[in-house]
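Below is one structure; the comments refer to it alone.
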Amino acid sequence: MNGECVLEMKNVVKQYGDNLVLDGVSFKLFRGETKIIIGASGSGKSTILKLIMGLDRPDEGEILVEGQEIARLRESDLVAVRSKIGMVFQESALFDSLTVRENVAYQLYEDGIDDDKIEPKVRETLGFVGLEDAIDKMPSELSGGMKRRVALARALIGRPDIMLYDEPTAGLDPITSRKINELIIALRDIQGVTGVFVTHRLRDAFTLATEYATNGGSATTFHREGPLLCIANTRFLLLRDGKIIFEGPDELLRRSDDPYIKRFLA
Ligand SMILES: Nc1ncnc2c1ncn2[C@@H]1O[C@H](COP(=O)(O)OP(=O)(O)O)[C@@H](O)[C@H]1O
Ligand SMILES: [Mg+2]
């Protein structure tokens, strides 16, 4: 794939005590692309996202966000890097004492944006996730799926260059999960958002890899890839024992002869 590389990991090693979690992980993410990171529980998926956000640091290797090396950047310089990235955490992680409006607006307040500019942005972003009516609610009044959508809106509000999704459907029922996956597909296909999607649910992973969205007027519709259209901007990374053991499109993953991969997909 050509185009601009927005994120790169080069030989990243991360160890917690004597637990070697990442043992030389390298990959590149290009603008407009979505990487789906799969792997068993504890294989280091969330660790990769934490390192990209600069919430933790690698022991070895380099991490480049839009060409800037962040692994050894000072905390004060990481703030600017983080503002380029939106992250949806595994457990929505909303501020319980703040309203939906305040949760979603949080980054804009931090960036010192004028109040009168904040409200329309909050409404627009909540509109995208279908929750404009919930703007005055408290997180405790929301269902799990609504909380996840607020978390998505909060991550999107600053129009980040890269979105990181850490198991965004964890704990949600199939219908609600479907809704979240559709929002992520729409972001990728209609808004051209670059993303890293982490999941241990293969069903979600294959939904993202095989369905695409089109926008006709105001309605977004979803289609399954077929002989005429094959999604080229979404690739899998499979983590095992600290290493990426597969990188490529879903078709190749499904056809793999590797016994571990076959078992993993079964
Ligand atoms: N802050 C930490 N301190 C110690 N061990 C950690 C820390 N974060 C993650 N780990 C360990 O690293 C491994 C990978 O964790 P994680 O990246 O969360 O896996 P995954 O998201 O794939 O389930 C696990 O064994 C986990 O216990
Ligand atoms: Mg995780």
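Following the order of the structure tokens, first chain is A, next is B, and so on, with residues numbered from 1 inside each chain and ligands from 1 in the order they appear.
Every protein, DNA or RNA residue with an atom at most 10 Å from A:Thr47, where only C-alpha atoms count and chain neighbours fewer than 4 positions away do not, is listed here: Lys14, Val21, Leu22, Gly42, Ser43, Leu51, Ile52, Met53, Leu55, Asp56, Arg57 and Pro58 of chain A.
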Written selection (C-alpha atoms) as a CSV table (one decimal), in the first residue's frame:
chain,number,residue,atom,x,y,z
A,14,LYS,CA,8.1,-4.3,26.0
A,21,VAL,CA,5.0,-8.9,26.1
A,22,LEU,CA,6.2,-7.5,22.8
A,42,GLY,CA,-2.9,-11.2,27.2
A,43,SER,CA,-1.0,-11.3,23.9
A,51,LEU,CA,2.6,2.6,23.7
A,52,ILE,CA,1.1,4.5,20.6
A,53,MET,CA,-0.7,6.9,23.0
A,55,LEU,CA,0.7,6.1,28.1
A,56,ASP,CA,3.6,3.6,28.6
A,57,ARG,CA,7.1,3.4,27.0
A,58,PRO,CA,8.8,0.6,25.1
Note to self: Using only C-alpha atoms, which protein or nucleic acid residues come within 6 Å of A:Leu164? Drop anything in the same chain fewer than 4 positions from it, and give the result as a ChimeraX atom specification.
What the structure shows: /A:87,195-196
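Listed by chain and then residue number, the contacts of ligand 2 are A:Ser41, A:Gly42, A:Gly44, A:Lys45, A:Ser46, A:Thr47, A:Gln90, A:Asp166, A:Glu167, A:Val198, A:Thr199 (distance at most 8 Å, using only C-alpha atoms and all ligand atoms).
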Check: atom CA of A:Ala232 and atom CA of A:Tyr212, how far apart in Å?
Finding: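 Between atom CA of A:Tyr212 and atom CA of A:Ala232 the gap is 10.6 Å.
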Notebook entry, point to check: For A:Tyr260, which residue out of A:Leu239, A:Gly145, A:Asp96, A:Pro168 is the nearest one, using only C-alpha atoms?
Noted result: A:Leu239
Note to self: Counting only C-alpha atoms and all ligand atoms, which residue out of A:Leu20, A:Val12, A:Leu94, A:Val25 sits closest to ligand 1?
What the structure shows: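 Result for the nearest residue to ligand 1: A:Leu20.
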Margin query: According to DSSP computed on the backbone, where in stretch 35-253 of chain A is there alpha helix (DSSP H)? Give the residues as an MDAnalysis selection string.
Written below: chainID A and resid 45:52 75:82 100:110 115:128 144:156 174:190 202:210 250:253
Would you save the residues from that selection as a PDB file, in the first residue's frame, using C-alpha atoms?
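As a result, again37.pdb now contains:
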ATOM      1  CA  LYS A  45      -2.890  -5.907  22.012  1.00  0.00           C
ATOM      2  CA  SER A  46      -3.771  -3.205  24.535  1.00  0.00           C
ATOM      3  CA  THR A  47      -0.067  -2.719  25.263  1.00  0.00           C
ATOM      4  CA  ILE A  48       0.485  -1.725  21.623  1.00  0.00           C
ATOM      5  CA  LEU A  49      -2.242   0.938  21.879  1.00  0.00           C
ATOM      6  CA  LYS A  50      -0.889   2.228  25.206  1.00  0.00           C
ATOM      7  CA  LEU A  51       2.555   2.624  23.656  1.00  0.00           C
ATOM      8  CA  ILE A  52       1.142   4.495  20.637  1.00  0.00           C
ATOM      9  CA  GLU A  75       5.812  13.975  28.859  1.00  0.00           C
ATOM     10  CA  SER A  76       5.153  17.662  28.096  1.00  0.00           C
ATOM     11  CA  ASP A  77       5.798  17.038  24.377  1.00  0.00           C
ATOM     12  CA  LEU A  78       3.554  13.976  24.341  1.00  0.00           C
ATOM     13  CA  VAL A  79       0.484  16.166  24.857  1.00  0.00           C
ATOM     14  CA  ALA A  80       0.694  17.458  21.284  1.00  0.00           C
ATOM     15  CA  VAL A  81       1.107  13.901  19.959  1.00  0.00           C
ATOM     16  CA  ARG A  82      -1.898  12.655  21.930  1.00  0.00           C
ATOM     17  CA  VAL A 100     -22.442  13.585  28.308  1.00  0.00           C
ATOM     18  CA  ARG A 101     -21.873  17.096  26.929  1.00  0.00           C
ATOM     19  CA  GLU A 102     -18.932  17.692  29.275  1.00  0.00           C
ATOM     20  CA  ASN A 103     -17.453  14.252  28.621  1.00  0.00           C
ATOM     21  CA  VAL A 104     -17.550  14.741  24.868  1.00  0.00           C
ATOM     22  CA  ALA A 105     -16.292  18.340  25.066  1.00  0.00           C
ATOM     23  CA  TYR A 106     -13.456  17.460  27.430  1.00  0.00           C
ATOM     24  CA  GLN A 107     -10.593  17.734  24.967  1.00  0.00           C
ATOM     25  CA  LEU A 108     -11.928  21.015  23.549  1.00  0.00           C
ATOM     26  CA  TYR A 109     -11.984  22.546  27.051  1.00  0.00           C
ATOM     27  CA  GLU A 110      -8.418  21.289  27.563  1.00  0.00           C
ATOM     28  CA  ASP A 115     -17.412  27.902  24.633  1.00  0.00           C
ATOM     29  CA  ASP A 116     -19.589  29.068  21.737  1.00  0.00           C
ATOM     30  CA  LYS A 117     -17.546  26.930  19.332  1.00  0.00           C
ATOM     31  CA  ILE A 118     -17.766  23.886  21.579  1.00  0.00           C
ATOM     32  CA  GLU A 119     -21.546  23.386  21.650  1.00  0.00           C
ATOM     33  CA  PRO A 120     -22.042  22.930  17.864  1.00  0.00           C
ATOM     34  CA  LYS A 121     -19.097  20.530  17.696  1.00  0.00           C
ATOM     35  CA  VAL A 122     -20.450  18.478  20.579  1.00  0.00           C
ATOM     36  CA  ARG A 123     -23.898  18.319  18.979  1.00  0.00           C
ATOM     37  CA  GLU A 124     -22.489  17.371  15.591  1.00  0.00           C
ATOM     38  CA  THR A 125     -20.339  14.592  17.039  1.00  0.00           C
ATOM     39  CA  LEU A 126     -23.143  13.259  19.232  1.00  0.00           C
ATOM     40  CA  GLY A 127     -25.350  13.372  16.142  1.00  0.00           C
ATOM     41  CA  PHE A 128     -22.903  11.145  14.316  1.00  0.00           C
ATOM     42  CA  GLY A 144     -23.516   0.079  28.051  1.00  0.00           C
ATOM     43  CA  GLY A 145     -23.901   0.622  24.322  1.00  0.00           C
ATOM     44  CA  MET A 146     -24.734   4.306  24.769  1.00  0.00           C
ATOM     45  CA  LYS A 147     -21.690   4.774  26.997  1.00  0.00           C
ATOM     46  CA  ARG A 148     -19.520   3.230  24.311  1.00  0.00           C
ATOM     47  CA  ARG A 149     -20.989   5.607  21.731  1.00  0.00           C
ATOM     48  CA  VAL A 150     -20.303   8.587  24.009  1.00  0.00           C
ATOM     49  CA  ALA A 151     -16.726   7.336  24.380  1.00  0.00           C
ATOM     50  CA  LEU A 152     -16.502   7.166  20.593  1.00  0.00           C
ATOM     51  CA  ALA A 153     -17.820  10.737  20.288  1.00  0.00           C
ATOM     52  CA  ARG A 154     -15.337  11.909  22.921  1.00  0.00           C
ATOM     53  CA  ALA A 155     -12.467  10.362  20.979  1.00  0.00           C
ATOM     54  CA  LEU A 156     -13.669  11.871  17.690  1.00  0.00           C
ATOM     55  CA  PRO A 174     -24.698  -8.567  19.301  1.00  0.00           C
ATOM     56  CA  ILE A 175     -27.115  -5.873  18.126  1.00  0.00           C
ATOM     57  CA  THR A 176     -25.352  -3.114  20.043  1.00  0.00           C
ATOM     58  CA  SER A 177     -21.969  -4.433  18.913  1.00  0.00           C
ATOM     59  CA  ARG A 178     -23.176  -4.313  15.341  1.00  0.00           C
ATOM     60  CA  LYS A 179     -24.123  -0.642  15.778  1.00  0.00           C
ATOM     61  CA  ILE A 180     -20.639   0.204  17.105  1.00  0.00           C
ATOM     62  CA  ASN A 181     -18.959  -1.701  14.273  1.00  0.00           C
ATOM     63  CA  GLU A 182     -21.112   0.143  11.731  1.00  0.00           C
ATOM     64  CA  LEU A 183     -20.037   3.488  13.165  1.00  0.00           C
ATOM     65  CA  ILE A 184     -16.396   2.448  12.870  1.00  0.00           C
ATOM     66  CA  ILE A 185     -16.902   1.252   9.282  1.00  0.00           C
ATOM     67  CA  ALA A 186     -18.645   4.541   8.410  1.00  0.00           C
ATOM     68  CA  LEU A 187     -15.752   6.507   9.887  1.00  0.00           C
ATOM     69  CA  ARG A 188     -13.298   4.527   7.802  1.00  0.00           C
ATOM     70  CA  ASP A 189     -15.217   4.571   4.510  1.00  0.00           C
ATOM     71  CA  ILE A 190     -17.051   7.894   4.565  1.00  0.00           C
ATOM     72  CA  LEU A 202     -13.175 -12.579  15.443  1.00  0.00           C
ATOM     73  CA  ARG A 203     -16.730 -11.843  14.418  1.00  0.00           C
ATOM     74  CA  ASP A 204     -16.122  -8.104  14.842  1.00  0.00           C
ATOM     75  CA  ALA A 205     -12.788  -8.350  13.083  1.00  0.00           C
ATOM     76  CA  PHE A 206     -14.296 -10.037  10.033  1.00  0.00           C
ATOM     77  CA  THR A 207     -17.223  -7.601   9.977  1.00  0.00           C
ATOM     78  CA  LEU A 208     -14.738  -4.742   9.645  1.00  0.00           C
ATOM     79  CA  ALA A 209     -12.702  -6.604   7.067  1.00  0.00           C
ATOM     80  CA  THR A 210     -15.601  -7.654   4.828  1.00  0.00           C
ATOM     81  CA  ASP A 250      -8.782 -11.458   5.600  1.00  0.00           C
ATOM     82  CA  GLU A 251      -8.722 -13.677   2.493  1.00  0.00           C
ATOM     83  CA  LEU A 252      -5.130 -14.722   3.178  1.00  0.00           C
ATOM     84  CA  LEU A 253      -5.745 -15.134   6.895  1.00  0.00           C
TER      85      LEU A 253
END
Next item on the list: Would you list, as an MDAnalysis selection string, the residues of stretch 27-197 of chain A that end up in strand (DSSP E or B) under DSSP run on this structure's backbone?
Entry: chainID A and resid 27:30 34:38 60:65 68:69 85:88 162:166 194:197
Item checked: Best match for closeness to ligand 1 among A:His200, A:Lys262, A:Arg255, A:His223, counting only C-alpha atoms and all ligand atoms -> A:His200
Next item on the list: Write out as JSON, numbers by chain the residues lying within 6 Å of A:Thr99, counting only C-alpha atoms and excluding same-chain residues fewer than 6 positions away.
Entry: {"A": [136, 137, 138]}
Please dump the current selection as a PDB file, in the first residue's frame; keep N, CA and C atoms.
ATOM      1  N   ASP A 136     -27.649  15.998  27.825  1.00  0.00           N
ATOM      2  CA  ASP A 136     -27.706  16.462  29.223  1.00  0.00           C
ATOM      3  C   ASP A 136     -27.704  15.337  30.243  1.00  0.00           C
ATOM      4  N   LYS A 137     -27.590  14.098  29.766  1.00  0.00           N
ATOM      5  CA  LYS A 137     -27.643  12.973  30.700  1.00  0.00           C
ATOM      6  C   LYS A 137     -26.306  12.756  31.413  1.00  0.00           C
ATOM      7  N   MET A 138     -26.370  12.025  32.524  1.00  0.00           N
ATOM      8  CA  MET A 138     -25.169  11.598  33.228  1.00  0.00           C
ATOM      9  C   MET A 138     -24.827  10.179  32.760  1.00  0.00           C
TER      10      MET A 138
END
Next item on the list: Write out as a list in words the residues lying within 7 Å of stretch 64-72 of chain A, counting only C-alpha atoms and excluding same-chain residues fewer than 6 positions away.
Entry: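 Counting only the stated atoms, we get Cys5, Val6, Leu7, Glu8, Met9, Arg57 and Pro58 of chain A.
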Next item on the list: One decimal, Å: what's the distance from atom CA of A:Phe236 over to atom 19 (O, counted along the ligand's line) of ligand 1, could you say?
Entry: 16.7 Å
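With distances taken over only C-alpha atoms and all ligand atoms, A:Asp18 is the one residue among A:Glu62, A:Asp18, A:Glu4, A:Asp258 lying closest to ligand 1.
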Checklist line | Counting only C-alpha atoms, the option among A:Glu247, A:Arg235, A:Ser92, A:Pro227 closest to A:Leu172 | finding: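 When distances to A:Leu172 are compared using only C-alpha atoms, the smallest one comes from A:Ser92.
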Next item on the list: Please measure the separation of atom CA of A:Leu29 and atom CA of A:Arg224, giving the value in Å to one decimal.
Entry: 23.6 Å
Next item on the list: Considering only C-alpha atoms, state which residue in the set A:Ala134, A:Val13, A:Ile63, A:Ile36 is at the smallest distance from A:Phe246.
Entry: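 Distance minimum relative to A:Phe246 lands on A:Ile36.
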Next item on the list: Extract, using only C-alpha atoms, all DNA, RNA and protein residues at most 8 Å from A:Val193, discarding same-chain residues fewer than 5 positions from it, and format them as a list of chain:residue names.
Entry: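 Counting only the stated atoms, we get A:Arg31, A:Gly32, A:Glu33, A:Asp161, A:Ile162, A:Met163, A:Leu187, A:Arg188.
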